[in-house]
Structures are given as C-alpha cells and as structure tokens.
Amino acid sequence: MTLALIVILPLIGSLLPLLFNKHGRSLCASMTMLAPVLGMILLWQQASAVFAGETIVQTWRWLDVLGLHISFRLDGLSFLFALMILGIGLLVILYARYYLAKKDPMGRFFAYLLLFMSAMLGVVLSENLLLMMFFWEMTSLSSFLLIGYWSHSTDARKGARMALAVTGAGGLALLAGVLLIGQVVGSYQLTDVFASGDLLRDHALYPVILVLVLLGVFTKSAQFPFHFWLPHAMAAPTPVSAYLHSATMVKAGVFLLARLYPALSDTDLWFYLVSSAGMATLLVGACTALFQHDLKGLLAYSTISHLGLITLLFGLDSRLAAVAGVFHIINHATFKASLFMAAGIIDHETGTRDMRRINGLLRFMPHTATLAMVAASAMAGVPLLNGFLSKEMFFSETLDTHMLGSFSWLIPLGATLGGVFSVAYSLRFIHDVFFNGKPVNLPKYPPHEPPRYMKVPVEILVAMCLLVGLAPGLTVAGLLSVAAQATVGGELPEYSLAIWHGFNLPLLMSFVALVVGVLVYAARAPLFAWYARQRELDAKLVFERMVQAAVRGAGQFTLLLENGSLQRYLACLLGAALIVSGYWLFRLPSLQGNVAMTPIDGTSLAVALIMSVAALCTVFWHRKRLVSLTMLSVVGLGVVLAFARFAAPDLALTQISVEVVTIVLLMLALFFLPARSPRESSPLRRGRDVLLALMCGGLVAALAFAVMTRPYDSIASFFLQNSLTGGGGTNVVNVILVDFRGFDTMGEITVLAIAAIGIYALIDGLRLRLPGGDSLGKPWATRGEQLMLVNLSRVLLPLALLISVFIFLRGHNLPGGGFIAGLITAVALILQYVASGEEWTSERWPVNYHYLAAAGVLIAAATGFGSLFFGYPFLTSAFDHFHIPLIGDIELATAMLFDLGVYLTVVGATLLILANLGKLSQMPLRRGDF
Amino acid sequence: MELMYALLIGLLTSCGVFLMLRARTFPVVIGLTLLSYAVNLFLFAMGRIGEAVPAVLGERVDYADPLPQALVLTAIVIGFAMTAFALVLSLRAQGELDSDHVDGKGDR
C-alpha cells in the first residue's frame with residue numbers, strides 16, 4: 001500500500017494548488033509541497049529495509065489474462081530515483097514560487113508539476129512493465145503540458161509538440177519491445193523478467209526487442225540522433241528545465257537502461273548499440289554546447305552530453321561501469337539542477353539569457369555567482385567536487401574496455417575529448433557570465449540578487465555537490481551501493497570512492513582534459529567565428545517541415561477517400577464487398593452443387609416474372625416517384641407470395657402487413673418531397689452504377705444458387721422436437737421467437753422502440769415546406785372527406801381488432817403471434833388516421849404511443865425476469881392447460897405474456913412513427929413554391 | 001426452381017443497389033426497400049425452398065426449416081424500422097437544407 005500511496009499522493013495532491021490558486025502564492029506553493037513531503041516520509045520509512053538489501057514488492061492482481069497487475073517495486077535503484085524525484089521536486093517547487101511571474105497561473109503550473117511527479121514516480125516504482133508503460137506515456141503527456149506552459153509563445157508550443165512527438169514515438173517502440181519481452185518471458189513482472197535474462201538473450205527475437213527498447217530509451221534520454229528535441233524544450237519555464245531536463249524526465253531513459261540492465265545487457269549487440277550511441281551523444285553534445293550563446297542552450301547540450309556519458313557507461317562491458325553510471329546519474333542531477341536554477345535566476349534578474357550580453361555579473365550578484373561557479377566546476381570535473389569522482393571512474397572504465405580489439409584506445413580518446421569540451425563549456429559558463437568585462441545592453445539594469453528563498457534550493461544542491469565531492473564515503477556510498485546492486489542484479493565488484501587514487505592514467509586524462517579545455521576556451525574567438533560560418537541545420541525547421549508534410553499528405557489522402565460524396569463512399573464499399581466475397585466464390589470448383597433442383601411450376605414462374613418486371617419498372621421510372629412507389633408495392637406483394645409458396649405462412653402474414661405500413665409511410669413522406677427526381681448523373685456515372693449493380697446482383701445470385709444446390713445440415717430438428725414439449729406450442733416459428741430465442745426477440749423489439757423514439761426526435765421541431773399543389777400546379781384538396789372511406793374504415797376497425805386478437809391468441813400453435821397481430825392492429829388504426837384525420841382519431845383514441853412501446857419492452861423484460869424468481873434462467877417459459885367453463889380446455893403459457901410485450905411494442909412503435917409523420921401534414925398550410 | 005429463385009434475388013439486388021447509388025433521397029429509400037426484400041429472400045432461402053409444409057407440428061414430418069423463418073420475421077420488422085428511420089432522416093434533411101440531395105447540396 002505504501003508504494004502505491006507514494007505514487008498516487010502527488011496525483012491527488014495536484015488538485016490542491018488548483019484549489020488554493022486564489023489564496024496567495026506562498027500558500028499555493030506550500031499546499032503543493034504537501035504531497036511530496038508526505039511521499040518523502042513514506043519513502044524514508046522504507047529506507048532501512050532497502051539499505052538492508054531487501055526488495056519490496058507490493059502486488060494487487062488485476063488482469064491475469066493480460067498479465068497486467070497493479071504492482072510496485074522498491075529496491076535500491078528505484079529508491080534512489082524516487083528520492084531524487086521527490087527531493088529535487090520539492091526544491092523546484094520552492095524555486096518556482098519565486099520564479100513565476102504574477103501573471104502566470106501558478107495553480108495550473110503546480111498541478112502539472114505534481115502530475116508529472118506522479119507519473120515519474122510510477123515509472124521508477126513499477127514492478128509490472130505494462131504498468132510502467134502507462135506511467136511512461138503519462139510522463140510524455142504531462143511534460144508536454146509543462147513545456148507548453150507558456151502557451152502564448154509559439155516556441156513553447158512547437159517545442160512541446162516536438163518533445164511529445166519524439167518521446168511519444170519512442171514510447172510506441174518501447175511498448176512493442178515490452179510486449180515482446182512479455183511474450184518471451186511469459187510475464188510482465190520485473191522479478192520474472194530478471195530471472196529470464198538468459199532466455200531473453202538467447203531468444204531469436206532478442207535483437208528486435210533490444211532495438212525497440214533502446215528506441216524508447218534513446219528518444220526519452222535525448223540520445224543522438226534523437227537529441228534535437230531537448231534544446232527546443234528549453235522554451236519551458238526554467239523550473240521545468242531544472243526538474244525535467246536534469247533530474248527526471250530525461251533520466252527516465254537511462255533509468256530504464258539501468259532497470260533492464262540485468263535482463264538485456266551482456267551481449268555484443270548491447271555493447272555496440274548502447275556504447276556507440278552514448279559516445280556519439282557525448283561528443284556531439286559537448287562540442288555543440290560550447291558554441292551556444294543561449295545560457296539554457298548551453299546547459300541543454302551539456303545535459304545531452306552527460307546523458308551520452310551515462311549511456312556509454314551502461315554500454316561498456318563491465319559491471320563497474322554500471323556502478324559509475326549510477327553514480328553519475330546522482331551527480332549530474334545535483335549539479336545540473338542547480339545550474340539550471342542559477343541560469344533561471346540570471347534570466348529573471350537580467351531579462352536575457354544571451355551570454356554575449358550577460359557579462360561581469362560577479363559584481364552584481366556575488367552570492368549567486370559563487371554558487372553557480374561551484375556547480376559549473378562540478379560539471380567540468382574539478383577535483384574535490386562530485387563531478388570529479390564519477391568522471392574519474394568513467395575514465396578508468398573506458399581504459400578497461402577491450403571490445404573494440406586493437407581499436408579499443410578510441411574509447412578513452414573519445415572520453416578525453418568529451419572531457420576537454422566539457423571543461424571548455426563549463427569555463428565559458430563561468431567566465432563569460434560572471435567575468436569578461438561589463439554587461440551589454442541588459443533589459444533590466446542593474447541586476448541584483450534574487451529573493452532570499454529563491455537561492456535556498458541552489459544552495460542545498462551545491463552543498464550536496466561539495467559534500468559528496470569531499471567525503472563520498474560518508475555521504476553517498478551507502479545509497480550508491482544499494483542502487484548499483486539493484487542495477488547489476490548481483491554482487492558488486494570491488495570499487496573505492498576515494499578522492500585520491502595516486503598518480504594513474506585516469507588522473508592524467510583528467511589533467512589533459514582540464515588543460516586542453518582551458519586552451520580551447522582561450523582560443524574561442526576563431527572557433528566561434530568558424531562555427532558561425534557553418535550552415536546551421538535548424539532541427540526545429542526540419543522537424544516542422546516534416547510534420548507539415550505529414551499533415552498535408554494525410555489531408556490529401558483523406559480527401560482522396562473522403563470527398564463528401566456519399567454516393568462515392570457507397571460505391572467504394574460495394575466494390576470492396578464485391579472483391580472480398582467474389583474472391584472466395586471464384587475458388588469454388590463449380591457453382592452448382594450436387595443437390596438436384598426442384599422443378600418449376602407455372603404459378604411460381606408467373607409470379608417471378610411479374611416481380612422481375614415490377615422491379616425493373618421501379619428502376620426505370622425512378623424519377624417519377626409515385627409510379628416507382630406503386631411498382632415497388634407490386635414487388636412487395638410478390639415477396640409475400642413467395643413466402644406463402646415456400647411454406648412460411650408467418651412470414652407471408654408479416655410481410656403483407658409491413659408492406660401496407662411501408663407503402664403508407666412512403667406515400668406520406670412523398671407528400672413533402674419533390675414528386676420527381678431531376679436527371680443529373682452523367683452517362684458515365686450511370687454506366688458505372690449499372691455495372692456495379694449488375695455485379696452485386698450477379699454475386700448475390702451466384703452465392704444463393706451455390707448454397708441452395710448444396711446439401712445442408714440444419715439444427716432445425718432440435719426445434720421441431722422440443723417445440724411442443726419444451727415450449728408448449730406447435731407453431732415452431734413462434735415458439736422460437738418467444739421462447740428458444742426470446743432473448744434475441746427482446747433485443748429486436750428494443751431496437752424497434754429505439755428506432756421509433758429516434759424518429760420521433762427527428763420529427764420533433766421539423767419544419768417542412770408544405771406543397772400547395774402537385775407538380776402540375778393543381779392545388780391539393782384541403783378539405784375533402786372521403787365518405788366511403790370514412791364509413792368503411794369505422795366498420796372495419798372492430799373487425800380488424802378482433803382478427804388481430806385472434807391472430808395473437810392462436811400464434812403459439814398456428815401461424816400468427818405478437819408481431820403479426822401488432823402489425824394488423826397498427827394497420828387498422830392507421831386506416832382511421834388516413835380516413836378521418838389525425839385530429840379526429842387522437843381525440844377518440846388518446847393513447848401515448850411512447851408509453852405503449854415502452855410498456856411493451858418492459859412487459860417482455862418483466863416476463864423474462866419473472867422466471868428468475870422461480871429459480872430458472874432468464875426468459876424460461878412455463879405453460880399449463882386450464883379448463884374454463886363454456887370455452888373448454890385452453891393452454892396458457894408465460895411465453896404469451898412475452899408475446900404481449902412484442903405486440904404492444906410493435907403497435908406503439910409503428911404508430912409512433914406514422915402518427916407523428918401524419919401530424920406534420922396537418923400543420924397550417926404554408927404555401928410553398930413547388 | 002432454385003436457379004429462378006437465385007436469379008430473382010440477383011435482379012432485386014441489382015435494382016436495389018442501382019437505386020441506392022442515386023443522388024436523391026427518395027430513390028435511395030426505395031432502393032433500400034428493394035435490397036431488404038432481396039436480403040430477406042436470401043436469408044429465407046438458407047433454409048432451402050424445396051417442397052415442404054409449414055413448421056406447424058402435425059402429422060407430417062417434412063417440415064420447412066423454422067429457424068431462418070424466425071430470423072427473417074424479425075428482420076422484416078426491423079427492416080421496416082430502418083426504412084422508416086432513413087425516410088424520416090431524409091425528411092429532416094429536406095427540412096433543414098431545403099434539398100433532397102444525399103450530400104445536402106442545394107438545387108438552385
């Protein structure tokens with residue numbers, strides 16, 4: 001619970017600064033500190049166990065199928081990182097309290113910061129790799145918000161977008177790598193992954209896994225060639241840079257390198273990939289840093305170079321190098337965070353970060369200058385400071401590497417070169433800013449010391465640089481040893497943190513770096529001139545161009561597929577369906593199966609011919625809409641006959657009543673629509689459509705023919721055998737509907753009711769232009785009661801209702817049932833609307849069809865739930881025979897109640913649709929211009 | 001018989017598809033109706049269309065397959081709801097855009 005709490009506390013705490021935003025800056029900052037302070041206390045409670053070498057794992061099993069568990073792990077390495085994240089986080093919060101301007105929304109800033117802190121803690125404390133991925137993505141997202149905090153600035157927005165794109169893409173690669181690890185190992189828990197190191201390394205997929213994981217690491221930790229996003233992320237407020245770009249976000253990459261070290265390292269591939277990327281980054285970063293005129297730009301490239309150094313250390317083939325890597329992570333975090341803070345102070349007080357204008361600040365802010373100079377010396381690797389210790393270890397490790405055979409000397413040479421530049425740019429930071437004459441044209445003059453408490457975080461960090469540098473054994477040794485032990489996952493080799501190791505080669509390298517570095521800085525003028533002559537490759541421009549090209553390409557592709565024409569979409573869809581199903585049909589050896597065809601009788605042939613002609617006429621006269629509609633109804637009646645001919649009386653009854661309702665509906669709609677369609681398709685377009693239509697028809701015909709002439713094995717016998725005994729009815733179709741597959745029917749009537757309500761919503765508030773006359777200009781008869789129709793319809797109503805009751809009751813045993821009875825009732829009622837008008841009917845039949853449809857669905861559902869009370873599954877039906885005097889023996893089944901629900905839904909839905917549409921035409925006539 | 005039946009389904013499908021590709025809403029709805037006839041007949045035919053008696057239990061044994069019939073029965077009713085929905089949608093489009101073009105393009 002403790003570990004989860006450490007991660008979640010900042011997440012919950014991120015609400016506090018938002019709440020206290022209006023209550024003063026100090027209170028807001030104090031409330032922000034609450035969560036990290038609590039987290040720190042919780043972490044310290046675990047310290048003794050961690051220093052005793054224990055690994056604390058807390059797991060809540062969650063999704064066993066996916067291997068995803070809420071699982072946290074605290075060992076030396078994660079302890080070290082959690083400590084840095086919380087500790088430096090607290091200092092950054094204090095610093096930001098003074099850094100942010102009055103107009104900056106402070107609550108939002110701190111909320112983002114805590115969000116990020118939570119994500120980062122999640123990354124380092126996760127035991128489950130999938131869980132870690134989740135937090136990993138969360139760091140990318142929250143850092144996007146932080147970098148883009150000053151959203152009014154284009155640079156900030158673009159920088160944030162670039163950081164998100166690069167680290168997000170890397171995150172995707174990492175996710176793939178993690179999933180592969182899970183596939184190979186069979187678990188995402190780190191404990192299992194560590195135990196399967198050999199399995200992973202020997203697996204055929206190892207190179208793929210390694211490359212994917214390293215892509216994630218290199219993008220996150222700004223390794224060459226993905227380093228370009230980091231300098232642009234400097235558009236963030238400086239506290240963000242101090243936090244994200246020194247101690248946390250960019251360290252997530254090297255953290256992962258350290259975390260997976262036991263599982264993935266110790267192969268040639270690891271060595272070549274990791275160390276070459278590290279070396280390239282070290283040199284490119286160090287070299288470029290010297291030429292930056294922007295204070296934060298210098299620090300950004302220096303960070304890149306130091307990250308390269310750490311990566312290189314993890315890439316070397318010795319465990320001692322890994323120890324040095326962990327050590328340098330600690331040291332770099334302390335001196336770089338303090339340097340960023342100092343840079344922020346200078347920016348804050350002078351109004352610029354351009355080192356060509358900031359000179360001689362020692363006179364104006366001696367206190368800050370001293371702190372910054374100590375931190376910069378640590379960065380340069382000056383003895384008696386922490387940077388010196390890890391750099392010595394680094395040099396001596398490069399000397400011990402033999403992987404490159406006779407070219408192994410290249411590595412220490414490169415390391416020394418990196419050291420040279422590192423000394424040079426550190427010296428530039430010190431000399432150019434604090435000495436070197438007078439300030440030039442500062443926006444704020446004269447600069448002075450910042451508020452007292454703004455310097456406190458810097459002082460603490462610089463003090464740590466000094467303490468570690470002077471007495472490593474007393475300060476950092478314990479932490480380093482447990483962290484390094486957790487990293488290498490086994491016994492640590494012998495190492496010593498002493499300041500003085502005697503005269504040896506590493507010391508000579510340090511000395512050379514120092515001397516040559518000073519010389520390089522002294523010769524800076526011609527070097528700067530040379531650099532200025534180089535054509536600068538602006539990473540942001542290139543990146544933006546690539547982004548814009550991608551957006552343009554995507555836009556064009558979308559436009560190609562999606563030009564706004566529904567006709568084209570439909571044509572594409574049909575074409576695709578044709579290809580997919582046509583492919584399989586063509587693989588059939590022969591279209592006709594081995595079942596003999598039944599002979600054709602004359603009546604069937606005649607009906608088929610009538611239907612064909614009617615269908616063709618529907619198409620031929622499709623511009624004359626009323627004619628087309630009439631032809632359509634002929635086809636519909638033909639379908640009724642077809643169902644009747646092939647032993648499906650229920651279907652025939654349903655189809656004929658639906659047919660009536662549909663045609664009435666279409667007629668009603670036609671009243672509001674133009675009576676004719678204009679001719680507008682080009683001949684080519686019509687040709688395409690005819691071709692497509694013929695192909696679709698041919699495909700369906702071939703498919704139907706192929707199926708019908710092949711033998712089949714149906715589950716029909718089950719229904720036929722159990723219908724009477726299990727469902728208590730002889731009409732098997734109806735028993736299937738209300739009993740065997742009652743759940744389906746229930747879904748279907750629900751859909752029906754939803755469709756009706758949807759239609760009601762569409763009609764509601766609809767304003768249509770009512771045509772005053774037909775297309776020839778003859779006015780519609782506004783009042784014309786059809787005497788015959790009215791009288792006939794009123795006589796018909798009770799008869800029709802009686803028939804529908806009859807059909808309903810007999811449905812279980814003979815053709816009929818709720819669907820058909822409902823449709824017959826609906827037709828009978830619609831006739832009243834048609835004959836006597838909406839007003840007349842609703843006066844005498846004041847029924848709310850919404851309730852009717854809803855009641856139907858509810859009755860059906862209640863019947864289903866009823867069976868639960870008797871201990872049977874949902875929708876089990878029961879039936880029995882009763883003897884009623886005069887009528888005789890009848891059978892009652894609960895399925896009938898269900899059918900009643902179906903009946904009510906059908907009546908309600910159908911009338912809801914038609915009556916509302918009919919009501920539209922009763923609106924006061926607005927003469928249109930048809 | 002099977003061949004004739006299949007050809008009829010094919011013809012109805014062709015007519016339906018052609019009308020659905022038209023640019024005005026009313027022919028599209030008509031096409032949709034035609035297509036649902038074809039689909040219902042197709043589904044129905046999956047239970048075969050030979051000589052059989054309705055699946056109402058009696059003395060005979062050669063019953064038609066009741067399962068596709070039950071499926072088609074609900075399909076007919078749902079098909080009606082769908083046609084109605086498409087139709088009212090086109091009315092709404094006519095009301096809002098004063099055009100019955102499927103892409104909502106104005107006539108004049």
# chains A, B, ... in the order shown; residues from 1 in each chain; ligands from 1
call {"tool": "select_by_dssp", "arguments": {"residues": "range 703-885 of chain A", "states": "strand (DSSP E)", "output": "list of chain:residue names"}}
result
A:Phe879, A:Asp880, A:His881, A:Phe882, A:His883, A:Ile884
call {"tool": "residues_around", "arguments": {"residues": "Ile85 in chain A", "least_positions_apart": "6", "cutoff": "9 Å", "atoms": "only C-alpha atoms", "output": "tab-separated table (two decimals) with N, CA and C atoms, in the first residue's frame"}}
result
chain	number	residue	atom	x	y	z
A	117	MET	N	5.19	14.54	-11.54
A	117	MET	CA	5.90	13.85	-10.45
A	117	MET	C	5.29	12.48	-10.22
A	120	MET	N	6.29	10.15	-12.99
A	120	MET	CA	7.70	9.76	-12.89
A	120	MET	C	7.92	8.74	-11.77
A	121	LEU	N	7.25	8.98	-10.64
A	121	LEU	CA	7.36	8.02	-9.54
A	121	LEU	C	6.80	6.68	-9.97
A	243	TYR	N	13.86	20.62	-13.43
A	243	TYR	CA	13.29	19.37	-12.93
A	243	TYR	C	13.31	18.28	-13.99
A	247	ALA	N	16.98	16.13	-13.79
A	247	ALA	CA	16.91	15.05	-12.82
A	247	ALA	C	15.91	13.97	-13.18
A	248	THR	N	14.87	14.29	-13.94
A	248	THR	CA	13.79	13.31	-14.02
A	248	THR	C	13.50	12.81	-15.42
call {"tool": "residues_around", "arguments": {"residues": "Lys105 in chain B", "least_positions_apart": "6", "cutoff": "12 Å", "atoms": "only C-alpha atoms", "output": "number ranges by chain"}}
result
A: 564-566; B: 23-25, 93-94, 96-99
call {"tool": "write_last_selection", "arguments": {"atoms": "N, CA and C atoms", "output": "tab-separated table (two decimals), in the first residue's frame"}}
result
chain	number	residue	atom	x	y	z
A	564	GLY	N	-16.72	13.87	-49.55
A	564	GLY	CA	-18.02	14.40	-49.18
A	564	GLY	C	-19.16	13.82	-49.98
A	565	SER	N	-18.86	12.95	-50.94
A	565	SER	CA	-19.93	12.37	-51.74
A	565	SER	C	-20.32	11.01	-51.17
A	566	LEU	N	-21.53	10.93	-50.63
A	566	LEU	CA	-21.98	9.66	-50.05
A	566	LEU	C	-22.10	8.59	-51.14
B	23	ALA	N	-28.71	9.98	-56.55
B	23	ALA	CA	-28.29	11.16	-55.78
B	23	ALA	C	-29.40	11.75	-54.94
B	24	ARG	N	-30.63	11.25	-55.06
B	24	ARG	CA	-31.75	11.83	-54.31
B	24	ARG	C	-32.22	10.86	-53.24
B	25	THR	N	-32.74	11.39	-52.17
B	25	THR	CA	-33.02	10.51	-51.02
B	25	THR	C	-34.15	9.53	-51.30
B	93	ALA	N	-33.54	16.21	-43.55
B	93	ALA	CA	-32.57	16.88	-44.41
B	93	ALA	C	-33.29	17.86	-45.33
B	94	GLN	N	-34.42	17.43	-45.85
B	94	GLN	CA	-35.21	18.31	-46.71
B	94	GLN	C	-35.63	19.56	-45.93
B	96	GLU	N	-34.18	20.87	-43.23
B	96	GLU	CA	-33.07	21.73	-42.79
B	96	GLU	C	-32.36	22.37	-43.98
B	97	LEU	N	-32.18	21.61	-45.05
B	97	LEU	CA	-31.31	22.07	-46.14
B	97	LEU	C	-32.11	22.48	-47.36
B	98	ASP	N	-33.38	22.20	-47.34
B	98	ASP	CA	-34.23	22.52	-48.47
B	98	ASP	C	-33.74	21.84	-49.73
B	99	SER	N	-33.27	20.61	-49.58
B	99	SER	CA	-32.80	19.86	-50.74
B	99	SER	C	-32.92	18.38	-50.41
call {"tool": "residues_around", "arguments": {"residues": "range 71-76 of chain B", "least_positions_apart": "3", "cutoff": "7 Å", "atoms": "only C-alpha atoms", "output": "PyMOL selection string"}}
result
(chain A and resi 651+654-655) or (chain B and resi 40+43-44+67-68+79-80)
call {"tool": "residues_around", "arguments": {"residues": "Gly10 in chain B", "least_positions_apart": "5", "cutoff": "7 Å", "atoms": "only C-alpha atoms", "output": "list of chain:residue names"}}
result
A:Gly697, A:Gly698, A:Val700, A:Ala701
call {"tool": "write_last_selection", "arguments": {"atoms": "N, CA and C atoms", "output": "PDB file, in the first residue's frame"}}
result
ATOM      1  N   GLY A 697     -25.642  -7.861 -58.022  1.00  0.00           N
ATOM      2  CA  GLY A 697     -26.740  -8.790 -58.210  1.00  0.00           C
ATOM      3  C   GLY A 697     -26.236 -10.158 -58.622  1.00  0.00           C
ATOM      4  N   GLY A 698     -25.272 -10.161 -59.559  1.00  0.00           N
ATOM      5  CA  GLY A 698     -24.715 -11.430 -60.013  1.00  0.00           C
ATOM      6  C   GLY A 698     -24.072 -12.186 -58.874  1.00  0.00           C
ATOM      7  N   VAL A 700     -24.732 -11.953 -55.651  1.00  0.00           N
ATOM      8  CA  VAL A 700     -25.727 -12.474 -54.706  1.00  0.00           C
ATOM      9  C   VAL A 700     -26.442 -13.684 -55.307  1.00  0.00           C
ATOM     10  N   ALA A 701     -26.766 -13.573 -56.594  1.00  0.00           N
ATOM     11  CA  ALA A 701     -27.452 -14.687 -57.243  1.00  0.00           C
ATOM     12  C   ALA A 701     -26.576 -15.935 -57.228  1.00  0.00           C
TER      13      ALA A 701
END
call {"tool": "interface_residues", "arguments": {"of": "chain A", "to": "chain B", "cutoff": "7 Å", "atoms": "only C-alpha atoms", "output": "number ranges by chain"}}
result
A: 565-567, 597-600, 608, 612, 615-616, 619, 622, 646-649, 651, 654-655, 658, 662, 677, 689-690, 693-694, 696-698, 700-701, 704-705, 708, 716, 730-733, 736-737, 752, 755, 759, 762, 766-768, 814
call {"tool": "closest_residue", "arguments": {"among": "A:Ala652, A:Leu703, A:Val284, A:Trp530", "to": "Phe226 in chain A", "atoms": "only C-alpha atoms"}}
result
A:Val284
call {"tool": "residues_around", "arguments": {"residues": "range 900-913 of chain A", "least_positions_apart": "3", "cutoff": "6 Å", "atoms": "only C-alpha atoms", "output": "ChimeraX atom specification"}}
result
/A:753,756,818-819,822,826,849,852-853,856-857,859-860,897,916
call {"tool": "residues_around", "arguments": {"residues": "Ser793 in chain A", "least_positions_apart": "6", "cutoff": "9 Å", "atoms": "only C-alpha atoms", "output": "list in words"}}
result
Ala828, Leu831, Gln832, Ala835 and Ser836 of chain A
call {"tool": "write_last_selection", "arguments": {"atoms": "N, CA, C and O atoms", "output": "CSV table (one decimal), in the first residue's frame"}}
result
chain,number,residue,atom,x,y,z
A,828,ALA,N,-55.0,-1.2,-38.8
A,828,ALA,CA,-56.4,-0.8,-38.6
A,828,ALA,C,-56.4,0.6,-38.1
A,828,ALA,O,-57.3,1.4,-38.5
A,831,LEU,N,-55.5,3.2,-40.7
A,831,LEU,CA,-56.6,3.5,-41.6
A,831,LEU,C,-57.5,4.6,-41.0
A,831,LEU,O,-58.0,5.5,-41.8
A,832,GLN,N,-57.7,4.6,-39.7
A,832,GLN,CA,-58.5,5.7,-39.1
A,832,GLN,C,-57.9,7.0,-39.3
A,832,GLN,O,-58.5,8.0,-39.6
A,835,ALA,N,-58.3,8.0,-43.0
A,835,ALA,CA,-59.6,8.3,-43.4
A,835,ALA,C,-60.2,9.5,-42.7
A,835,ALA,O,-60.7,10.4,-43.3
A,836,SER,N,-60.0,9.6,-41.4
A,836,SER,CA,-60.7,10.6,-40.6
A,836,SER,C,-59.7,11.8,-40.1
A,836,SER,O,-60.2,12.7,-39.5
call {"tool": "atom_distance", "arguments": {"atom1": "CA of Arg60 in chain B", "atom2": "CA of His883 in chain A"}}
result
28.5 Å
